[in-house]
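Asker: Sharing a structure with you now.
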Amino acid sequence: MGILDTFRLDGKTAIVTGCGRGLGQGICQGLSEAGADIFGVGQAPAADKTKELVEKAGKKFTYFQANLISKEPVMRIFEEALKIFGHIDIVVNNAGIIKRNDSVDFTEADWDDVININLKTLFFMCQAAAKQFIQQKSGGKIINIGSLLSFQGGIRVPSYTAAKGGVRTLTMLMANEWAKFGINANAIAPGYMVTDNTEALRSDKARSAAILERIPAGRWGSPCDIAGAAVFLASHASDYVNGYTIAVDGGWLAR
């Protein structure tokens, strides 16, 4: 097998949460262009643009509506994906939310909502993936979406920081436990991306300028910037990469 062939995902099925826009949509596009069929999960009634992009790449796309603020839909997601595609090879946990407020004023509701979707449900998605991969005796790829705040503290986002820090170390734990089954658990830490989560920062001219000044690449990232890392971690090219969080940040952490 040539090196470029190791990046191909032909015959693979990927579950991608938060597939309807932003980073999730970019990941779906990248995985499908590499050859994977996509089982997309999102809270909106449909993900028409993502479906269009996946089908343009010649791959199948099925959408499943679910609110991942609780773990209740997890087993239904896997059951439906298996019913349609027969096997699961890649699981990308991208769904997440952010709440901003001074830590001294942060509410329990905002704490619980962010931790539940960004960390608790993510864990149970990973658990379900591992059980399926072990049952299939096929190995598999788990990709969790972290953040720069998997490495840094940030400001005014205490529950998000706690969750994304947890994503990084939890991914390491999964690698420790599941590598023996041929399961690779890794994460991607996006930098400052043009997504709904950063709209407030981008609309604040002073804050946006300060952020751009620190990014060596000199620009905000886009969802397509994440696609290459996602394809790598989903493919045989990354078979000896386990428990690692790759920063895709334009050089932010290097400063």
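Ordering of the structure tokens sets the chain letters (A, B, ...), residue numbers begin anew at 1 in every chain, and ligands are numbered from 1 in the order given.
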Need to verify the contact set: Phe181 of chain A, 8 Å, only C-alpha atoms, exclusion of same-chain residues closer than 4 positions in sequence. Can you return it as an MDAnalysis selection string?
Answerer: chainID A and resid 134 137 139
Asker: Do a neighbour search on segment 90-100 of chain A at 6 Å with only C-alpha atoms, toss out local chain neighbours closer than 6 positions, and write the hits as a PyMOL selection string.
Answerer: chain A and resi 14-18+114+117-118+140-145+156-157+160
Asker: Give the strand (DSSP E) residues of segment 18-135 of chain A, as assigned by DSSP on the backbone, as a VMD selection string.
Answerer: chain A and resid 37 to 42 61 to 65 90 to 93
Asker: Write out the residues from the selection above, keeping C-alpha atoms, as a short mmCIF file (atom, residue, chain, number, x, y, z; two decimals), in the first residue's frame.
Answerer:
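Ended up saving to out-v3.cif:
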```cif
data_model
loop_
_atom_site.label_atom_id
_atom_site.label_comp_id
_atom_site.auth_asym_id
_atom_site.auth_seq_id
_atom_site.Cartn_x
_atom_site.Cartn_y
_atom_site.Cartn_z
CA ASP A 37 -19.97 7.27 4.13
CA ILE A 38 -21.36 9.59 6.80
CA PHE A 39 -23.94 9.10 9.52
CA GLY A 40 -24.46 12.67 10.69
CA VAL A 41 -25.96 13.64 14.02
CA GLY A 42 -27.29 17.08 14.89
CA PHE A 61 -25.19 10.56 3.98
CA THR A 62 -27.83 9.75 6.57
CA TYR A 63 -28.97 12.27 9.15
CA PHE A 64 -30.13 11.56 12.70
CA GLN A 65 -31.69 14.33 14.79
CA ILE A 90 -14.93 6.07 12.76
CA VAL A 91 -16.64 8.19 15.43
CA VAL A 92 -16.06 11.94 15.56
CA ASN A 93 -17.36 13.70 18.67
#
```
Asker: Give me, as number ranges by chain, all polymer residues having an atom no more than 12 Å from Ala227 of chain A, counting only C-alpha atoms and skipping those fewer than 3 positions away in the same chain.
Answerer: A: 22-34, 92, 143, 145, 188, 190, 221-224, 230-234, 248
Asker: Now that the selection is made, can you save its residues with N, CA and C atoms as an mmCIF file, in the first residue's frame?
Answerer:
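Saved the output as again35.cif:
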```
data_model
loop_
_atom_site.group_PDB
_atom_site.id
_atom_site.type_symbol
_atom_site.label_atom_id
_atom_site.label_comp_id
_atom_site.auth_asym_id
_atom_site.auth_seq_id
_atom_site.Cartn_x
_atom_site.Cartn_y
_atom_site.Cartn_z
ATOM 1 N N GLY A 22 -20.339 24.495 10.466
ATOM 2 C CA GLY A 22 -19.048 24.745 11.086
ATOM 3 C C GLY A 22 -18.059 23.608 10.931
ATOM 4 N N LEU A 23 -17.358 23.303 12.023
ATOM 5 C CA LEU A 23 -16.317 22.290 11.976
ATOM 6 C C LEU A 23 -16.877 20.926 11.613
ATOM 7 N N GLY A 24 -18.046 20.589 12.124
ATOM 8 C CA GLY A 24 -18.637 19.293 11.827
ATOM 9 C C GLY A 24 -18.906 19.116 10.352
ATOM 10 N N GLN A 25 -19.387 20.159 9.720
ATOM 11 C CA GLN A 25 -19.637 20.095 8.283
ATOM 12 C C GLN A 25 -18.336 19.935 7.515
ATOM 13 N N GLY A 26 -17.306 20.677 7.913
ATOM 14 C CA GLY A 26 -16.010 20.554 7.260
ATOM 15 C C GLY A 26 -15.418 19.165 7.416
ATOM 16 N N ILE A 27 -15.599 18.562 8.590
ATOM 17 C CA ILE A 27 -15.109 17.207 8.830
ATOM 18 C C ILE A 27 -15.853 16.203 7.962
ATOM 19 N N CYS A 28 -17.175 16.342 7.891
ATOM 20 C CA CYS A 28 -17.968 15.443 7.034
ATOM 21 C C CYS A 28 -17.515 15.534 5.581
ATOM 22 N N GLN A 29 -17.278 16.741 5.111
ATOM 23 C CA GLN A 29 -16.835 16.922 3.733
ATOM 24 C C GLN A 29 -15.484 16.249 3.512
ATOM 25 N N GLY A 30 -14.548 16.475 4.444
ATOM 26 C CA GLY A 30 -13.224 15.882 4.293
ATOM 27 C C GLY A 30 -13.243 14.365 4.331
ATOM 28 N N LEU A 31 -13.974 13.788 5.278
ATOM 29 C CA LEU A 31 -14.036 12.330 5.391
ATOM 30 C C LEU A 31 -14.682 11.703 4.166
ATOM 31 N N SER A 32 -15.735 12.351 3.654
ATOM 32 C CA SER A 32 -16.419 11.791 2.480
ATOM 33 C C SER A 32 -15.549 11.899 1.237
ATOM 34 N N GLU A 33 -14.815 12.986 1.099
ATOM 35 C CA GLU A 33 -13.923 13.117 -0.051
ATOM 36 C C GLU A 33 -12.795 12.090 0.002
ATOM 37 N N ALA A 34 -12.467 11.622 1.224
ATOM 38 C CA ALA A 34 -11.469 10.563 1.378
ATOM 39 C C ALA A 34 -12.074 9.179 1.201
ATOM 40 N N VAL A 92 -16.582 10.598 15.307
ATOM 41 C CA VAL A 92 -16.059 11.942 15.558
ATOM 42 C C VAL A 92 -17.019 12.670 16.486
ATOM 43 N N ILE A 143 -12.257 10.124 17.303
ATOM 44 C CA ILE A 143 -11.681 11.470 17.205
ATOM 45 C C ILE A 143 -12.555 12.412 18.011
ATOM 46 N N ILE A 145 -13.178 16.271 19.565
ATOM 47 C CA ILE A 145 -12.814 17.662 19.278
ATOM 48 C C ILE A 145 -12.620 18.409 20.588
ATOM 49 N N ILE A 188 -8.522 16.489 18.316
ATOM 50 C CA ILE A 188 -8.083 17.678 17.583
ATOM 51 C C ILE A 188 -8.446 18.897 18.419
ATOM 52 N N PRO A 190 -8.931 22.592 17.814
ATOM 53 C CA PRO A 190 -8.983 23.710 16.874
ATOM 54 C C PRO A 190 -8.563 25.012 17.546
ATOM 55 N N GLY A 221 -9.036 30.516 11.487
ATOM 56 C CA GLY A 221 -9.125 29.241 10.778
ATOM 57 C C GLY A 221 -10.509 29.034 10.194
ATOM 58 N N SER A 222 -10.606 28.093 9.279
ATOM 59 C CA SER A 222 -11.890 27.735 8.678
ATOM 60 C C SER A 222 -12.127 26.240 8.873
ATOM 61 N N PRO A 223 -13.376 25.789 8.758
ATOM 62 C CA PRO A 223 -13.657 24.362 8.943
ATOM 63 C C PRO A 223 -12.816 23.445 8.067
ATOM 64 N N CYS A 224 -12.468 23.889 6.854
ATOM 65 C CA CYS A 224 -11.670 23.029 5.981
ATOM 66 C C CYS A 224 -10.264 22.827 6.525
ATOM 67 N N ALA A 230 -8.548 15.503 10.532
ATOM 68 C CA ALA A 230 -9.584 14.497 10.755
ATOM 69 C C ALA A 230 -9.369 13.285 9.853
ATOM 70 N N VAL A 231 -9.055 13.514 8.583
ATOM 71 C CA VAL A 231 -8.806 12.401 7.665
ATOM 72 C C VAL A 231 -7.594 11.598 8.132
ATOM 73 N N PHE A 232 -6.535 12.284 8.531
ATOM 74 C CA PHE A 232 -5.339 11.598 9.032
ATOM 75 C C PHE A 232 -5.675 10.708 10.223
ATOM 76 N N LEU A 233 -6.371 11.251 11.209
ATOM 77 C CA LEU A 233 -6.675 10.482 12.415
ATOM 78 C C LEU A 233 -7.706 9.385 12.169
ATOM 79 N N ALA A 234 -8.488 9.507 11.109
ATOM 80 C CA ALA A 234 -9.481 8.479 10.773
ATOM 81 C C ALA A 234 -8.900 7.353 9.933
ATOM 82 N N VAL A 248 -4.669 22.429 15.782
ATOM 83 C CA VAL A 248 -4.765 23.020 14.441
ATOM 84 C C VAL A 248 -5.133 24.476 14.686
#
```
Asker: Using only C-alpha atoms, which protein or nucleic acid residues come within 12 Å of Lys120 of chain A? Drop anything in the same chain fewer than 3 positions from it, and give the result as a list in words.
Answerer: Leu68, Ile69, Ser70, Lys71, Glu72, Val74, Asn93, Ala95, Gly96, Asp112, Asp113, Val114, Ile115, Asn116, Ile117, Phe123, Phe124, Met125, Cys126, Gln127, Ala162, Ala163, Lys164, Gly166, Val167 and Leu170 of chain A
Asker: Please produce a file of those selected residues containing C-alpha atoms, as a CSV table (one decimal), in the first residue's frame.
Answerer:
```
chain,number,residue,atom,x,y,z
A,68,LEU,CA,-26.8,15.4,22.9
A,69,ILE,CA,-27.2,17.4,26.1
A,70,SER,CA,-28.1,14.0,27.6
A,71,LYS,CA,-26.7,10.6,26.8
A,72,GLU,CA,-30.2,9.2,26.1
A,74,VAL,CA,-26.4,7.5,22.3
A,93,ASN,CA,-17.4,13.7,18.7
A,95,ALA,CA,-21.0,18.5,19.0
A,96,GLY,CA,-20.5,21.1,21.7
A,112,ASP,CA,-24.2,21.5,33.7
A,113,ASP,CA,-25.3,22.1,30.1
A,114,VAL,CA,-21.8,22.6,28.8
A,115,ILE,CA,-20.3,19.7,30.8
A,116,ASN,CA,-23.1,17.4,29.8
A,117,ILE,CA,-22.8,17.8,26.0
A,123,PHE,CA,-17.6,9.9,27.0
A,124,PHE,CA,-20.7,7.7,26.4
A,125,MET,CA,-20.4,8.1,22.7
A,126,CYS,CA,-16.8,6.9,22.9
A,127,GLN,CA,-17.8,4.0,25.2
A,162,ALA,CA,-13.2,22.2,32.3
A,163,ALA,CA,-14.9,20.2,29.6
A,164,LYS,CA,-12.2,20.7,27.0
A,166,GLY,CA,-11.3,16.8,30.3
A,167,VAL,CA,-11.6,15.8,26.7
A,170,LEU,CA,-10.0,11.4,28.8
```
Asker: Env of segment 207-214 of chain A: 9 Å cut, atoms = only C-alpha atoms, seq-sep filter 5 positions within chain, self excluded. Answer as a PyMOL selection string.
Answerer: chain A and resi 192+201-202+219-220+251-252+255
Asker: Save the residues we just selected, C-alpha atoms, as a compact mmCIF listing (two decimals), in the first residue's frame?
Answerer:
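Wrote result.txt, looks like this:
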```txt
# COMPACT_ATOMS: atom_id res chain seq x y z
CA TYR A 192 -9.68 30.32 16.62
CA LEU A 201 -15.23 37.27 19.65
CA ARG A 202 -15.10 38.07 15.94
CA ARG A 219 -5.94 34.69 10.05
CA TRP A 220 -8.88 32.92 11.65
CA GLY A 251 0.60 28.56 15.46
CA TRP A 252 -1.27 30.06 18.45
CA ARG A 255 3.65 31.86 20.79
```
Asker: Which is closer to Ala175 of chain A than all the others in A:Ala187, A:Ile3, A:Ile215, A:Leu253, using only C-alpha atoms?
Answerer: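 Using only C-alpha atoms, Ala175 of chain A sits closest to A:Ala187.
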